[in-house]
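**Student:** Take a look at upload.txt, compact mmCIF, C-alpha atoms and all ligand atoms:
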# COMPACT_ATOMS: atom_id res chain seq x y z
CA MET A 144 6.82 -51.37 -1.20
CA ASN A 145 5.26 -48.85 1.15
CA SER A 146 2.53 -46.81 -0.60
CA GLU A 147 1.35 -45.07 2.59
CA PRO A 148 1.51 -41.28 2.32
CA LYS A 149 4.00 -39.78 4.75
CA SER A 150 2.57 -37.97 7.71
CA ASP A 151 4.09 -34.57 8.58
CA VAL A 152 6.14 -36.10 11.38
CA SER A 153 8.03 -38.38 9.01
CA TYR A 154 9.15 -35.51 6.74
CA THR A 155 12.66 -34.21 7.03
CA PRO A 156 12.67 -30.38 7.39
CA ALA A 157 13.82 -30.07 3.75
CA GLU A 158 11.01 -32.34 2.53
CA LEU A 159 8.46 -30.45 4.60
CA LEU A 160 9.65 -27.13 3.17
CA LYS A 161 9.46 -28.55 -0.37
CA SER A 162 5.93 -29.75 0.30
CA TYR A 163 4.90 -26.32 1.64
CA ILE A 164 6.29 -24.67 -1.49
CA GLU A 165 4.34 -27.12 -3.66
CA TRP A 166 1.20 -26.14 -1.75
CA GLY A 167 1.88 -22.48 -2.56
CA VAL A 168 3.13 -21.38 0.85
CA ASP A 169 5.70 -18.74 -0.07
CA GLU A 170 6.18 -16.98 3.24
CA THR A 171 5.42 -17.27 6.92
CA ILE A 172 3.64 -14.34 8.46
CA SER A 173 2.69 -15.53 11.92
CA GLU A 174 2.86 -18.45 14.28
CA GLU A 175 -0.81 -19.29 13.83
CA PRO A 176 -2.79 -19.99 10.64
CA ILE A 177 -5.22 -17.23 9.68
CA ASN A 178 -8.26 -17.72 7.49
CA TRP A 179 -8.02 -14.69 5.19
CA PHE A 180 -11.35 -15.55 3.60
CA TYR A 181 -13.00 -14.04 6.65
CA GLU A 182 -13.67 -10.32 6.69
CA THR A 183 -10.40 -8.91 8.04
CA ASP A 184 -11.36 -5.31 8.68
CA ASN A 185 -13.24 -5.87 11.87
CA ILE A 186 -11.40 -8.71 13.49
CA GLN A 187 -8.59 -8.91 15.93
CA ILE A 188 -6.46 -12.01 16.00
CA LYS A 189 -6.04 -13.60 19.38
CA GLN A 190 -2.62 -12.67 20.72
CA ASN A 191 -2.80 -14.29 24.13
CA THR A 192 -4.25 -17.77 24.20
CA THR A 193 -4.81 -17.61 27.95
CA SER A 194 -7.28 -14.70 27.99
CA LYS A 195 -10.31 -16.62 26.80
CA THR A 196 -12.78 -14.26 28.43
CA SER A 197 -11.52 -11.11 26.77
CA SER A 198 -14.12 -9.72 24.36
CA ASN A 199 -11.34 -8.82 21.93
CA THR A 200 -9.86 -12.29 21.63
CA LEU A 201 -10.89 -14.88 19.13
CA ASN A 202 -10.29 -18.46 18.24
CA ASN A 203 -6.98 -18.58 16.35
CA THR A 204 -8.16 -20.50 13.34
CA ALA A 205 -11.67 -19.11 12.99
CA PRO A 206 -11.69 -15.36 13.46
CA VAL A 207 -15.17 -13.88 13.70
CA SER A 208 -16.38 -10.31 13.47
CA GLN A 209 -16.98 -8.46 16.71
CA ALA A 210 -18.31 -4.99 17.44
CA PRO A 211 -18.02 -4.50 13.67
CA LEU A 212 -18.56 -0.92 12.63
CA ALA A 213 -17.82 0.66 15.99
CA SER A 214 -14.33 -0.77 16.16
CA GLN A 215 -13.43 0.16 12.57
CA GLN A 216 -14.95 3.62 12.99
CA GLU A 217 -13.08 4.17 16.23
CA HIS A 218 -9.82 3.35 14.53
CA ILE A 219 -10.61 5.67 11.64
CA ASP A 220 -11.43 8.47 14.09
CA MET A 221 -8.18 7.80 15.93
CA ALA A 222 -6.21 7.92 12.65
CA LYS A 223 -7.93 11.21 11.70
CA LYS A 224 -7.16 12.77 15.06
CA LEU A 225 -3.55 11.61 15.10
CA ALA A 226 -2.97 12.81 11.54
CA ALA A 227 -4.63 16.18 12.09
CA ASN A 228 -2.37 16.88 15.08
CA CYS A 229 0.81 16.48 13.02
CA LYS A 230 2.50 19.74 12.09
CA ASN A 231 5.19 18.33 9.81
CA LEU A 232 6.25 15.18 7.98
CA ASP A 233 8.47 13.96 10.83
CA GLU A 234 5.57 14.14 13.25
CA LEU A 235 3.34 12.33 10.76
CA SER A 236 5.90 9.58 10.26
CA ALA A 237 6.17 9.15 14.05
CA ALA A 238 2.37 9.14 14.45
CA ILE A 239 1.96 6.40 11.83
CA LEU A 240 4.69 4.39 13.52
CA GLU A 241 2.79 4.59 16.81
CA PHE A 242 -0.66 3.83 15.37
CA GLU A 243 -1.86 0.36 16.35
CA GLY A 244 -5.33 0.50 14.79
CA CYS A 245 -4.53 -1.25 11.50
CA SER A 246 -4.13 -5.04 11.56
CA LEU A 247 -1.74 -4.87 8.58
CA LYS A 248 0.88 -3.46 10.92
CA LYS A 249 0.91 -6.70 12.89
CA THR A 250 2.10 -8.75 9.91
CA ALA A 251 4.39 -6.11 8.35
CA SER A 252 8.11 -5.97 9.15
CA ASN A 253 8.36 -2.23 8.55
CA THR A 254 6.26 0.90 8.35
CA VAL A 255 7.01 2.38 4.93
CA PHE A 256 6.66 6.16 4.89
CA SER A 257 8.30 7.81 1.87
CA ASP A 258 11.35 8.26 -0.33
CA GLY A 259 12.68 10.78 -2.83
CA ASN A 260 13.19 14.52 -2.70
CA VAL A 261 11.16 16.13 0.08
CA GLU A 262 11.78 19.55 -1.55
CA SER A 263 10.22 18.53 -4.85
CA ASP A 264 6.83 19.84 -6.05
CA ILE A 265 5.77 16.46 -7.40
CA MET A 266 4.29 13.66 -5.32
CA ILE A 267 3.81 10.11 -6.56
CA ILE A 268 1.40 7.93 -4.60
CA GLY A 269 1.35 4.15 -4.98
CA GLU A 270 -0.79 1.48 -3.37
CA ALA A 271 1.08 -0.35 -0.60
CA PRO A 272 4.51 -1.81 0.08
CA GLY A 273 5.31 -5.21 -1.38
CA GLY A 274 7.73 -7.77 0.02
CA ASP A 275 10.92 -5.87 -0.91
CA GLU A 276 9.58 -2.55 0.38
CA ASP A 277 8.49 -4.24 3.62
CA ARG A 278 12.01 -5.62 4.13
CA VAL A 279 13.83 -2.39 3.21
CA GLY A 280 11.33 0.10 4.70
CA LYS A 281 11.16 2.30 1.56
CA PRO A 282 8.51 2.53 -1.16
CA PHE A 283 9.02 1.16 -4.66
CA VAL A 284 12.38 -0.56 -4.25
CA GLY A 285 11.42 -3.94 -5.79
CA GLU A 286 11.01 -4.90 -9.44
CA ALA A 287 7.98 -2.64 -9.95
CA GLY A 288 9.85 0.23 -8.27
CA GLN A 289 12.81 -0.25 -10.59
CA LEU A 290 10.47 -0.05 -13.58
CA LEU A 291 8.88 3.08 -12.08
CA ASP A 292 12.33 4.68 -11.82
CA ARG A 293 13.07 3.76 -15.45
CA MET A 294 9.70 5.17 -16.57
CA PHE A 295 10.43 8.52 -14.95
CA ALA A 296 14.06 8.48 -16.08
CA ALA A 297 12.65 8.36 -19.64
CA ILE A 298 11.23 11.86 -19.03
CA ASP A 299 14.41 13.01 -17.27
CA MET A 300 13.08 12.64 -13.74
CA LYS A 301 15.10 11.04 -11.00
CA ARG A 302 13.72 9.99 -7.63
CA GLU A 303 16.59 11.62 -5.69
CA ASN A 304 16.00 15.03 -7.32
CA ASP A 305 12.69 15.33 -9.06
CA PHE A 306 9.93 13.64 -7.09
CA TYR A 307 8.77 12.47 -3.71
CA ILE A 308 7.05 9.11 -3.35
CA ALA A 309 4.72 7.50 -0.81
CA ASN A 310 1.97 4.90 -0.66
CA LEU A 311 -1.70 4.95 0.23
CA LEU A 312 -0.99 2.29 2.85
CA PRO A 313 2.20 2.32 4.91
CA TRP A 314 2.02 -1.44 5.63
CA ARG A 315 2.27 -4.42 3.35
CA PRO A 316 -0.92 -6.49 2.97
CA PRO A 317 0.10 -10.13 3.62
CA GLY A 318 1.09 -11.99 0.47
CA ASN A 319 0.82 -8.72 -1.50
CA ARG A 320 -2.94 -9.07 -1.70
CA LYS A 321 -5.00 -6.06 -2.79
CA PRO A 322 -5.88 -3.87 0.20
CA THR A 323 -9.51 -4.06 1.26
CA ASP A 324 -11.75 -0.98 1.07
CA GLY A 325 -11.73 -0.95 4.89
CA GLU A 326 -7.92 -0.84 5.00
CA CYS A 327 -7.86 1.99 2.46
CA GLU A 328 -10.45 3.92 4.45
CA LEU A 329 -8.54 3.39 7.67
CA CYS A 330 -5.20 4.57 6.25
CA PHE A 331 -6.66 7.41 4.16
CA PRO A 332 -6.37 10.07 6.94
CA PHE A 333 -2.60 9.51 6.97
CA ILE A 334 -2.02 9.92 3.23
CA LYS A 335 -4.46 12.85 3.18
CA ARG A 336 -2.39 14.61 5.86
CA HIS A 337 0.81 13.51 4.11
CA ILE A 338 -0.34 15.34 0.98
CA GLU A 339 -1.39 18.44 2.97
CA LEU A 340 1.96 18.65 4.74
CA PHE A 341 4.03 17.97 1.63
CA GLU A 342 2.01 20.53 -0.41
CA PRO A 343 2.63 19.10 -3.88
CA LYS A 344 1.93 21.15 -6.99
CA LEU A 345 1.26 17.99 -8.98
CA ILE A 346 0.18 14.50 -7.89
CA ILE A 347 0.65 11.27 -9.84
CA CYS A 348 -1.32 8.32 -8.52
CA VAL A 349 0.01 4.97 -9.51
CA GLY A 350 -2.48 2.14 -9.98
CA GLY A 351 -6.20 1.71 -9.54
CA THR A 352 -6.38 1.53 -5.73
CA SER A 353 -4.48 4.76 -5.25
CA ALA A 354 -6.46 6.50 -8.00
CA SER A 355 -9.91 5.41 -6.88
CA THR A 356 -9.21 6.19 -3.21
CA LEU A 357 -7.69 9.63 -3.81
CA LEU A 358 -10.30 10.57 -6.37
CA ASN A 359 -13.12 8.98 -4.40
CA THR A 360 -14.49 7.11 -7.39
CA LYS A 361 -15.49 3.58 -8.27
CA SER A 362 -14.06 3.93 -11.81
CA GLY A 363 -11.22 1.59 -12.70
CA ILE A 364 -7.71 2.58 -13.72
CA THR A 365 -8.32 1.83 -17.42
CA LYS A 366 -10.93 4.58 -17.44
CA LEU A 367 -8.98 6.98 -15.21
CA CYS A 368 -5.43 6.70 -16.50
CA GLY A 369 -4.00 9.63 -18.39
CA LYS A 370 -6.92 11.94 -17.47
CA TRP A 371 -6.09 15.07 -15.50
CA GLN A 372 -8.35 15.78 -12.56
CA GLU A 373 -8.20 18.04 -9.52
CA TYR A 374 -7.35 16.97 -6.01
CA ILE A 375 -8.99 19.34 -3.55
CA MET A 376 -6.82 20.02 -0.55
CA SER A 377 -7.55 22.48 2.25
CA GLY A 378 -8.85 25.23 -0.01
CA THR A 379 -6.53 24.67 -2.98
CA THR A 380 -6.70 22.33 -5.94
CA VAL A 381 -3.79 20.32 -7.25
CA PRO A 382 -3.65 18.67 -10.70
CA ILE A 383 -3.65 14.91 -10.33
CA ILE A 384 -3.16 12.21 -12.95
CA PRO A 385 -3.57 8.46 -12.54
CA ILE A 386 -1.21 6.14 -14.44
CA PHE A 387 -0.97 2.35 -14.70
CA HIS A 388 0.93 0.63 -11.91
CA PRO A 389 4.38 -0.61 -13.01
CA ASP A 390 3.53 -3.99 -11.50
CA TYR A 391 0.61 -4.19 -13.94
CA LEU A 392 2.88 -3.09 -16.80
CA LEU A 393 5.30 -5.89 -15.95
CA ARG A 394 2.43 -8.34 -16.44
CA GLN A 395 0.68 -6.47 -19.28
CA PRO A 396 3.44 -4.75 -21.31
CA GLN A 397 0.97 -3.82 -24.07
CA PHE A 398 -0.17 -0.94 -21.81
CA LYS A 399 3.31 0.62 -21.78
CA LYS A 400 2.40 2.60 -24.91
CA GLN A 401 -0.50 4.30 -23.10
CA THR A 402 1.80 4.96 -20.12
CA TRP A 403 4.39 6.57 -22.37
CA HIS A 404 1.72 9.03 -23.56
CA ASP A 405 0.78 9.70 -19.91
CA LEU A 406 4.42 10.32 -19.00
CA LEU A 407 4.75 12.79 -21.87
CA ALA A 408 1.59 14.54 -20.64
CA ILE A 409 3.14 14.77 -17.16
CA LYS A 410 6.33 16.22 -18.60
CA ALA A 411 4.32 18.80 -20.56
CA LYS A 412 2.26 19.74 -17.47
CA ILE A 413 5.41 20.22 -15.39
CA GLY A 414 6.68 22.61 -18.07
CA GLU A 415 3.34 24.40 -18.24
CA LEU A 416 3.17 24.85 -14.45
CA ASN A 417 6.87 25.77 -14.35
CA ILE A 418 7.47 23.51 -11.34
CA ASP A 419 10.24 21.15 -10.34
N1 LIG B 501 3.72 -1.22 -5.20
C1 LIG B 501 3.27 -0.08 -4.64
O1 LIG B 501 2.18 0.40 -4.94
N2 LIG B 501 4.06 0.52 -3.77
C2 LIG B 501 5.27 0.06 -3.43
O2 LIG B 501 5.94 0.70 -2.61
C3 LIG B 501 5.71 -1.11 -4.04
C4 LIG B 501 4.92 -1.75 -4.93
Go ahead and render the structure in this file as structure tokens.
**Tutor:**
Amino acid sequence: MNSEPKSDVSYTPAELLKSYIEWGVDETISEEPINWFYETDNIQIKQNTTSKTSSNTLNNTAPVSQAPLASQQEHIDMAKKLAANCKNLDELSAAILEFEGCSLKKTASNTVFSDGNVESDIMIIGEAPGGDEDRVGKPFVGEAGQLLDRMFAAIDMKRENDFYIANLLPWRPPGNRKPTDGECELCFPFIKRHIELFEPKLIICVGGTSASTLLNTKSGITKLCGKWQEYIMSGTTVPIIPIFHPDYLLRQPQFKKQTWHDLLAIKAKIGELNID
């Protein structure tokens, strides 16, 4: 009997795949392993293994920070400038597509901009695309998105007619991890401009990351949800309400009751403001 463990080379491809799955590898995102426990905001992954002397290149398996704040700040400034120059949503979508300052773009398959009725007065803002959204290139098309559509259908609102939807981040964080504060800060100029150009009369932010970034607060979603606040946008204020993320509701259905109250409050506010 041979009790020796098999080395990788003696695995068949099917056995190797099975072993990866057992180890929790559920997707491949690049040719090289990346240690995500390192700070990701200020690193650039080595793209060209031959350019060892370049100050922007790093060892593949052990990324280290370099020119930390300057590089992040430069990218933020670039995002602000690009966004500010956009005169309409098409220009903004094109500008985001061209922006190379966010490392999330390197691992994403698609840049996810928006969906829904561009003529609507109501804007829903989620966190970031997940795997399904990344594949399809539209926000909220996976399981959580289907629940979101059912939630709004319960108050007679359909995505095609009654609302417009986008995300705080246009790129999927690898493995659907929570975006870092640095990533939110870097992408914020784009969603800020997106809101300005869309000119909503009511904003619904979905989930804690979207709520805390748009409202510039450290409070969590449990504290914020269902409470009307004001989003200040180039001289005007827009009512904004945070609600639980449908992904969270899928895992914690006991919070659906609270969300139902929030949806009814949204319906009432739409009537009060006489918007559509
Ligand atoms: N979760 C989000 O916040 N946005 C999506 O587009 C999908 C899932």
**Student:** Which residues, written as a list in words, have at least one atom at most 12 Å from Asp264 (chain A), with all atoms listed in the file counted and residues fewer than 5 positions away on the same chain left out?
**Tutor:**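 The residues satisfying every condition are Gly259, Asn304, Asp305, Phe306, Tyr307, Ile308, Ile338, Leu340, Phe341, Glu342, Pro343, Lys344, Leu345, Ile346, Ile347, Val381, Pro382, Ile413, Leu416, Asn417, Ile418 and Asp419 of chain A.
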**Student:** How would you report the residues lying within 7 Å of ligand LIG 501 (chain B), as a list in words, if you count only C-alpha atoms and all ligand atoms?
**Tutor:** Gly269, Glu270, Ala271, Pro272, Gly273, Glu276, Lys281, Pro282, Phe283, Val284, Gly285, Ala287, Gly288, Asn310, Val349 and Asp390 of chain A
**Student:** Counting only C-alpha atoms, which residue out of A:Ser257, A:Thr155, A:Ser252, A:Ser162 sits closest to His337 (chain A)?
**Tutor:**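 Between A:Ser257, A:Thr155, A:Ser252, A:Ser162, the residue approaching His337 (chain A) most closely is A:Ser257.
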**Student:** Would you mind reading off the distance between CA of Val279 (chain A) and CA of Ser263 (chain A), one decimal, in Å?
**Tutor:**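 Interatomic distance, CA of Val279 (chain A) to CA of Ser263 (chain A): 22.7 Å.
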**Student:** Of the residues A:Glu326, A:Arg278, A:Lys321, A:Glu234, which is the one nearest to His218 (chain A), using only C-alpha atoms?
**Tutor:**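 Between A:Glu326, A:Arg278, A:Lys321, A:Glu234, the residue approaching His218 (chain A) most closely is A:Glu326.
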**Student:** Find the spatial neighbours of region 365-374 of chain A, counting all atoms listed in the file, within a cut-off of 12 Å - ignore same-chain residues fewer than 5 positions away - and output them as a count of residues only.
**Tutor:** 46
**Student:** Can you list, as JSON, numbers by chain, every protein, DNA or RNA residue that comes within 12 Å of Cys245 (chain A) when you count all atoms listed in the file, leaving out same-chain residues fewer than 2 positions away?
**Tutor:** {"A": [183, 184, 185, 186, 187, 188, 214, 215, 216, 217, 218, 219, 221, 222, 239, 240, 241, 242, 243, 247, 248, 249, 250, 251, 254, 312, 313, 314, 315, 316, 322, 323, 325, 326, 327, 328, 329, 330, 331, 333]}
**Student:** I'd like the interatomic distance between CA of Asn253 (chain A) and CA of Gly280 (chain A), to a tenth of an Å.
**Tutor:**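 Straight-line distance from CA of Asn253 (chain A) to CA of Gly280 (chain A) works out to 5.4 Å.
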**Student:** Given the point (-2.4, 20.0, 9.5) in the coordinates of this file, which residues lie within 7 Å, counting only C-alpha atoms, and how would they look as an mmCIF file with C-alpha atoms, in the frame of the given file?
**Tutor:**
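And here's result17.cif as it stands now:
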data_model
loop_
_atom_site.group_PDB
_atom_site.id
_atom_site.type_symbol
_atom_site.label_atom_id
_atom_site.label_comp_id
_atom_site.auth_asym_id
_atom_site.auth_seq_id
_atom_site.Cartn_x
_atom_site.Cartn_y
_atom_site.Cartn_z
ATOM 1 C CA ALA A 227 -4.630 16.180 12.090
ATOM 2 C CA ASN A 228 -2.370 16.880 15.080
ATOM 3 C CA CYS A 229 0.810 16.480 13.020
ATOM 4 C CA LYS A 230 2.500 19.740 12.090
ATOM 5 C CA ARG A 336 -2.390 14.610 5.860
ATOM 6 C CA GLU A 339 -1.390 18.440 2.970
ATOM 7 C CA LEU A 340 1.960 18.650 4.740
#
**Student:** Work out how far apart CA of Ala309 (chain A) and CA of Ile268 (chain A) are and give it in Å to one decimal.
**Tutor:** 5.1 Å
